[in-house]
Amino acid sequence: MKMDLLLDKGLTLSWTLAIQILLATITSIIIYRRHLHPLSPIPGPPFASISRLWHIYHILKGDQNLQLVSLHKKHGHFVRLAHNEVSVSHPDAIKKILGSQLKKGPWYRMTAIPDYRFQSPMATTDPKKKMEKSKAFASGYALTNVLRSEPQLDNVISLLLGHLDGFARTGKEVGLDKYFTFTSFDVAGEILFSSQFGFLETGTDVGNAIANGYWLSMYASAMAFFYHIHVALLGNPFITWLNILPYGHLFDTAIKAMKARLQDKRDESRFDSVEYWFRAMEKHPEKIKWRDVQAVTVSTVGAASETVSCALQSFVYYMIRTPGAWERARKEVIELQEKEGGREERVVSWGQAKRLVYLQACLNEGLRMFAPVPMNLPRVVGPEGLEIGGRRFEKGSILSVNSWVMHFSDEIWGEDAGEFKPERWLREDAGELDRWFMPWGYGYNSCPGQNIARLELSKIAATLARDYDISQVNPEQEWKWQAFFTVVQHSWPCYIKARKTITNESSCKVPWR
């Protein structure tokens, strides 16, 4: 009996001691991070100084970008985003942080899809290794090579226009967020591996892939900070083998199309992106493996599709809410085509769209106002340290730059930074603005598919402005969105009116009315 009492007492003391040690440890960590850490002098939310959880909370809430814009306006160039990360908005931040050869933050490892074996350039954190990988795949993204697929791109865009014509005939409201996303995915498939995903053809979210992408983006944005847990749960070969991931349709379609191209004699008249990558794989088998091509293709599908959809929505949304903007863009397209021809073509050519000065200014301004990627882009300070804006940061500090913060900086863009003003891109000093314009990222990790995105955006925007009148069902209703890894807009239904009654139907898969 006494022995049992002694054992019980001993266990109680052990648990009490363990709890005391745990509390003492947590208290010590909090005190160190809050008051003794090298980043302690940097202002920011108190909770953010002791944990990453403040940041994750606002990622899941979908307002991380607005929070950071507000915090930088309050505290200035430096805001402590987490216990080990500082968000920087100094005018030199883009050049000194993103434009340097600093190692990427560990957050990027999450972009290995579907599991850790698929190391794309995006997921590679070492700058030298990343650039070496990117160089091997550069030919597939080169604009001169992408332009070889412009006729196929026009076919996809014609499918979109066919859907819009249907809504114009019936007078029903349309969710442009849905159809722009369908288009961006199908364009990516066509340009990358000559196979669409079927979203526009069916007019549906095949396999619920896009709807699942909403939750996947939320999960990835937060779980990237707990990478090893992610690997244990989802990002591992076993889960990939089970084929139960929410982006299964996208992954399966991409891999199936590429395998078919490898197994059969390839149509070398089609110069899509994977054709260049296959050739590089055959030429340098020691550098480029089959899995590398898979990784790059799948990651490009996701990145290109989500950013283009966001940018297209931003263009239309701000243009139709800015008096005179849509009409001015239309006039510019028509005047150019009356002079050079092309009015009868279903889709405006890249050769003309890229020379529409005002329309390009509107696209830039839409990207500035609503940058597709709201996440901070982190870099790790190297052994030599880094000085910026009068502050010095030592080895291991994580410094990050946020496109929304930079794009809404009054210091850089002026007091009208929060207003949609395409005219700012038409000023004589507009070239200077490119120094702080980062919708595609910046430096060695800038978006490799931006040529594809710019081509698609320009052609669709010019065609929409020329051929359609678009208005919101409720002009007073502001759209809704959540900012995860990319911004997901929704809830701004529109009415469409078609202005043309005849066009070149030979290139259309969906008949023009």
# chains A, B, ... in the order shown; residues from 1 in each chain; ligands from 1
call {"tool": "closest_atom_pairs", "arguments": {"of": "stretch 93-201 of chain A", "to": "stretch 424-435 of chain A", "cutoff": "12 Å", "atoms": "only C-alpha atoms", "output": "Markdown table"}}
result
| residue | atom | partner | partner_atom | distance |
| --- | --- | --- | --- | --- |
| A:Ala93 | CA | A:Arg435 | CA | 10.4 |
| A:Ile94 | CA | A:Arg435 | CA | 7.9 |
| A:Lys95 | CA | A:Arg435 | CA | 8.1 |
| A:Lys96 | CA | A:Arg435 | CA | 11.7 |
| A:Leu98 | CA | A:Arg435 | CA | 11.6 |
| A:Gly99 | CA | A:Arg435 | CA | 10.5 |
call {"tool": "write_last_selection", "arguments": {"atoms": "N, CA and C atoms", "output": "compact mmCIF listing (two decimals), in the first residue's frame"}}
result
# COMPACT_ATOMS: atom_id res chain seq x y z
N ALA A 93 14.28 47.17 -51.89
CA ALA A 93 14.04 45.79 -51.46
C ALA A 93 14.04 44.82 -52.63
N ILE A 94 13.37 45.18 -53.71
CA ILE A 94 13.25 44.26 -54.84
C ILE A 94 14.64 43.93 -55.40
N LYS A 95 15.43 44.96 -55.60
CA LYS A 95 16.75 44.74 -56.19
C LYS A 95 17.69 44.01 -55.24
N LYS A 96 17.73 44.43 -53.97
CA LYS A 96 18.70 43.88 -53.03
C LYS A 96 18.32 42.50 -52.50
N LEU A 98 15.32 40.32 -53.87
CA LEU A 98 14.92 39.39 -54.94
C LEU A 98 15.88 39.40 -56.12
N GLY A 99 16.52 40.53 -56.35
CA GLY A 99 17.45 40.64 -57.47
C GLY A 99 18.84 40.12 -57.18
call {"tool": "closest_residue", "arguments": {"among": "A:Lys172, A:Arg454, A:Lys480, A:His407", "to": "A:Ser305", "atoms": "only C-alpha atoms"}}
result
A:Arg454
call {"tool": "closest_atom_pairs", "arguments": {"of": "stretch 147-171 of chain A", "to": "stretch 177-196 of chain A", "cutoff": "8 Å", "atoms": "only C-alpha atoms", "output": "JSON lines"}}
result
{"residue": "A:Ser149", "atom": "CA", "partner": "A:Ile191", "partner_atom": "CA", "distance": 6.2}
{"residue": "A:Gln152", "atom": "CA", "partner": "A:Glu190", "partner_atom": "CA", "distance": 7.0}
{"residue": "A:Leu153", "atom": "CA", "partner": "A:Val187", "partner_atom": "CA", "distance": 6.2}
{"residue": "A:Val156", "atom": "CA", "partner": "A:Val187", "partner_atom": "CA", "distance": 6.3}
{"residue": "A:Ile157", "atom": "CA", "partner": "A:Thr183", "partner_atom": "CA", "distance": 7.0}
{"residue": "A:Leu160", "atom": "CA", "partner": "A:Thr183", "partner_atom": "CA", "distance": 6.5}
call {"tool": "write_last_selection", "arguments": {"atoms": "N, CA and C atoms", "output": "PDB file, in the first residue's frame"}}
result
ATOM      1  N   SER A 149       2.714  28.231 -81.402  1.00  0.00           N
ATOM      2  CA  SER A 149       1.425  27.636 -81.025  1.00  0.00           C
ATOM      3  C   SER A 149       0.294  28.654 -81.035  1.00  0.00           C
ATOM      4  N   GLN A 152      -3.132  27.431 -82.357  1.00  0.00           N
ATOM      5  CA  GLN A 152      -3.824  26.558 -81.400  1.00  0.00           C
ATOM      6  C   GLN A 152      -4.383  27.371 -80.230  1.00  0.00           C
ATOM      7  N   LEU A 153      -3.634  28.395 -79.824  1.00  0.00           N
ATOM      8  CA  LEU A 153      -4.116  29.295 -78.773  1.00  0.00           C
ATOM      9  C   LEU A 153      -5.396  29.989 -79.226  1.00  0.00           C
ATOM     10  N   VAL A 156      -8.426  27.788 -78.762  1.00  0.00           N
ATOM     11  CA  VAL A 156      -8.909  27.727 -77.378  1.00  0.00           C
ATOM     12  C   VAL A 156      -9.682  28.993 -77.036  1.00  0.00           C
ATOM     13  N   ILE A 157      -9.130  30.137 -77.405  1.00  0.00           N
ATOM     14  CA  ILE A 157      -9.804  31.405 -77.119  1.00  0.00           C
ATOM     15  C   ILE A 157     -11.160  31.445 -77.817  1.00  0.00           C
ATOM     16  N   LEU A 160     -13.786  29.942 -75.696  1.00  0.00           N
ATOM     17  CA  LEU A 160     -14.250  30.902 -74.685  1.00  0.00           C
ATOM     18  C   LEU A 160     -15.268  31.862 -75.302  1.00  0.00           C
TER      19      LEU A 160
END
call {"tool": "residues_around", "arguments": {"residues": "stretch 459-464 of chain A", "least_positions_apart": "5", "cutoff": "6 Å", "atoms": "only C-alpha atoms", "output": "ChimeraX atom specification"}}
result
/A:347-348,350,353
call {"tool": "atom_distance", "arguments": {"atom1": "atom CA of A:Asp165", "atom2": "atom CA of A:Tyr468"}}
result
9.1 Å
call {"tool": "select_by_dssp", "arguments": {"residues": "stretch 72-228 of chain A", "states": "strand (DSSP E or B)", "output": "VMD selection string"}}
result
chain A and resid 78 to 82 85 to 88 103 to 104 174
call {"tool": "closest_residue", "arguments": {"among": "A:Gln337, A:Met406, A:Leu399, A:Lys283", "to": "A:Val79", "atoms": "only C-alpha atoms"}}
result
A:Leu399
call {"tool": "atom_distance", "arguments": {"atom1": "atom CA of A:Leu147", "atom2": "atom CA of A:Ser349"}}
result
10.4 Å
call {"tool": "atom_distance", "arguments": {"atom1": "atom CA of A:Leu176", "atom2": "atom CA of A:Arg499"}}
result
17.9 Å
call {"tool": "residues_around", "arguments": {"residues": "A:Asp467", "least_positions_apart": "3", "cutoff": "12 Å", "atoms": "only C-alpha atoms", "output": "MDAnalysis selection string"}}
result
chainID A and resid 161 164:165 168 326:327 329:331 333:334 343:348 460:464 470 496:503
call {"tool": "select_by_dssp", "arguments": {"residues": "stretch 260-342 of chain A", "states": "alpha helix (DSSP H)", "output": "VMD selection string"}}
result
chain A and resid 260 to 263 273 to 283 290 to 320 325 to 340
call {"tool": "closest_residue", "arguments": {"among": "A:Ser273, A:Gln482, A:Asn376, A:Ser400", "to": "A:Thr144", "atoms": "only C-alpha atoms"}}
result
A:Ser273
call {"tool": "residues_around", "arguments": {"residues": "A:Tyr219", "least_positions_apart": "2", "cutoff": "10 Å", "atoms": "only C-alpha atoms", "output": "list of chain:residue names"}}
result
A:Ile59, A:Leu60, A:Gly213, A:Tyr214, A:Trp215, A:Leu216, A:Ser217, A:Ser221, A:Ala222, A:Met223, A:Ala224, A:His230, A:Phe484, A:Phe485
call {"tool": "write_last_selection", "arguments": {"atoms": "N, CA and C atoms", "output": "mmCIF file, in the first residue's frame"}}
result
data_model
loop_
_atom_site.group_PDB
_atom_site.id
_atom_site.type_symbol
_atom_site.label_atom_id
_atom_site.label_comp_id
_atom_site.auth_asym_id
_atom_site.auth_seq_id
_atom_site.Cartn_x
_atom_site.Cartn_y
_atom_site.Cartn_z
ATOM 1 N N ILE A 59 -3.349 33.973 -43.520
ATOM 2 C CA ILE A 59 -3.372 33.215 -44.775
ATOM 3 C C ILE A 59 -4.705 32.482 -44.887
ATOM 4 N N LEU A 60 -5.076 31.778 -43.839
ATOM 5 C CA LEU A 60 -6.328 31.007 -43.856
ATOM 6 C C LEU A 60 -7.551 31.914 -43.917
ATOM 7 N N GLY A 213 -8.952 23.089 -56.217
ATOM 8 C CA GLY A 213 -7.776 23.944 -56.185
ATOM 9 C C GLY A 213 -7.865 25.051 -55.148
ATOM 10 N N TYR A 214 -9.080 25.489 -54.851
ATOM 11 C CA TYR A 214 -9.285 26.512 -53.822
ATOM 12 C C TYR A 214 -8.747 26.020 -52.480
ATOM 13 N N TRP A 215 -9.157 24.807 -52.110
ATOM 14 C CA TRP A 215 -8.728 24.254 -50.826
ATOM 15 C C TRP A 215 -7.263 23.850 -50.862
ATOM 16 N N LEU A 216 -6.815 23.399 -52.019
ATOM 17 C CA LEU A 216 -5.410 23.030 -52.152
ATOM 18 C C LEU A 216 -4.505 24.236 -51.967
ATOM 19 N N SER A 217 -4.905 25.376 -52.536
ATOM 20 C CA SER A 217 -4.115 26.598 -52.401
ATOM 21 C C SER A 217 -4.051 27.044 -50.943
ATOM 22 N N SER A 221 -0.465 26.972 -48.898
ATOM 23 C CA SER A 221 0.063 28.245 -48.386
ATOM 24 C C SER A 221 0.411 28.159 -46.911
ATOM 25 N N ALA A 222 -0.395 27.431 -46.159
ATOM 26 C CA ALA A 222 -0.160 27.321 -44.718
ATOM 27 C C ALA A 222 0.786 26.176 -44.379
ATOM 28 N N MET A 223 0.573 25.020 -44.994
ATOM 29 C CA MET A 223 1.371 23.848 -44.652
ATOM 30 C C MET A 223 2.804 23.941 -45.146
ATOM 31 N N ALA A 224 3.087 24.882 -46.026
ATOM 32 C CA ALA A 224 4.469 25.066 -46.477
ATOM 33 C C ALA A 224 5.399 25.390 -45.318
ATOM 34 N N HIS A 230 3.645 17.972 -43.974
ATOM 35 C CA HIS A 230 3.009 17.825 -45.288
ATOM 36 C C HIS A 230 3.519 16.575 -46.004
ATOM 37 N N PHE A 484 -4.636 33.382 -50.839
ATOM 38 C CA PHE A 484 -3.828 32.258 -50.367
ATOM 39 C C PHE A 484 -2.473 32.336 -51.075
ATOM 40 N N PHE A 485 -2.042 31.259 -51.741
ATOM 41 C CA PHE A 485 -0.823 31.367 -52.540
ATOM 42 C C PHE A 485 -1.069 32.275 -53.741
#
call {"tool": "residues_around", "arguments": {"residues": "A:Phe315", "least_positions_apart": "2", "cutoff": "8 Å", "atoms": "only C-alpha atoms", "output": "number ranges by chain"}}
result
A: 311-313, 317-319, 362-363, 366-367, 461
call {"tool": "write_last_selection", "arguments": {"atoms": "N, CA and C atoms", "output": "PDB file, in the first residue's frame"}}
result
ATOM      1  N   ALA A 311      -5.400  37.732 -63.507  1.00  0.00           N
ATOM      2  CA  ALA A 311      -5.074  38.951 -64.252  1.00  0.00           C
ATOM      3  C   ALA A 311      -6.183  39.345 -65.221  1.00  0.00           C
ATOM      4  N   LEU A 312      -6.801  38.370 -65.879  1.00  0.00           N
ATOM      5  CA  LEU A 312      -7.906  38.669 -66.786  1.00  0.00           C
ATOM      6  C   LEU A 312      -9.094  39.264 -66.034  1.00  0.00           C
ATOM      7  N   GLN A 313      -9.395  38.667 -64.896  1.00  0.00           N
ATOM      8  CA  GLN A 313     -10.493  39.201 -64.095  1.00  0.00           C
ATOM      9  C   GLN A 313     -10.203  40.624 -63.640  1.00  0.00           C
ATOM     10  N   TYR A 317     -12.578  43.727 -64.553  1.00  0.00           N
ATOM     11  CA  TYR A 317     -13.239  44.310 -63.384  1.00  0.00           C
ATOM     12  C   TYR A 317     -12.945  45.795 -63.259  1.00  0.00           C
ATOM     13  N   TYR A 318     -11.676  46.158 -63.326  1.00  0.00           N
ATOM     14  CA  TYR A 318     -11.321  47.574 -63.151  1.00  0.00           C
ATOM     15  C   TYR A 318     -11.658  48.416 -64.376  1.00  0.00           C
ATOM     16  N   MET A 319     -11.582  47.821 -65.563  1.00  0.00           N
ATOM     17  CA  MET A 319     -11.894  48.570 -66.776  1.00  0.00           C
ATOM     18  C   MET A 319     -13.364  48.957 -66.835  1.00  0.00           C
ATOM     19  N   CYS A 362      -3.355  49.250 -69.459  1.00  0.00           N
ATOM     20  CA  CYS A 362      -4.457  48.777 -68.625  1.00  0.00           C
ATOM     21  C   CYS A 362      -4.152  47.404 -68.035  1.00  0.00           C
ATOM     22  N   LEU A 363      -3.529  46.531 -68.819  1.00  0.00           N
ATOM     23  CA  LEU A 363      -3.135  45.228 -68.305  1.00  0.00           C
ATOM     24  C   LEU A 363      -2.117  45.378 -67.181  1.00  0.00           C
ATOM     25  N   GLY A 366      -3.883  46.695 -64.103  1.00  0.00           N
ATOM     26  CA  GLY A 366      -4.680  45.642 -63.469  1.00  0.00           C
ATOM     27  C   GLY A 366      -3.805  44.695 -62.664  1.00  0.00           C
ATOM     28  N   LEU A 367      -2.642  44.362 -63.211  1.00  0.00           N
ATOM     29  CA  LEU A 367      -1.702  43.503 -62.494  1.00  0.00           C
ATOM     30  C   LEU A 367      -1.114  44.202 -61.276  1.00  0.00           C
ATOM     31  N   ALA A 461      -7.663  40.058 -73.934  1.00  0.00           N
ATOM     32  CA  ALA A 461      -8.105  41.395 -73.535  1.00  0.00           C
ATOM     33  C   ALA A 461      -8.464  42.242 -74.753  1.00  0.00           C
TER      34      ALA A 461
END
call {"tool": "closest_residue", "arguments": {"among": "A:Pro383, A:Lys354, A:Ala303, A:Glu275", "to": "A:Asn145", "atoms": "only C-alpha atoms"}}
result
A:Glu275
call {"tool": "residues_around", "arguments": {"residues": "stretch 126-137 of chain A", "least_positions_apart": "2", "cutoff": "7 Å", "atoms": "only C-alpha atoms", "output": "count of residues only"}}
result
10
call {"tool": "closest_residue", "arguments": {"among": "A:Phe370, A:Pro45, A:Pro114, A:Trp413", "to": "A:Leu242", "atoms": "only C-alpha atoms"}}
result
A:Pro114
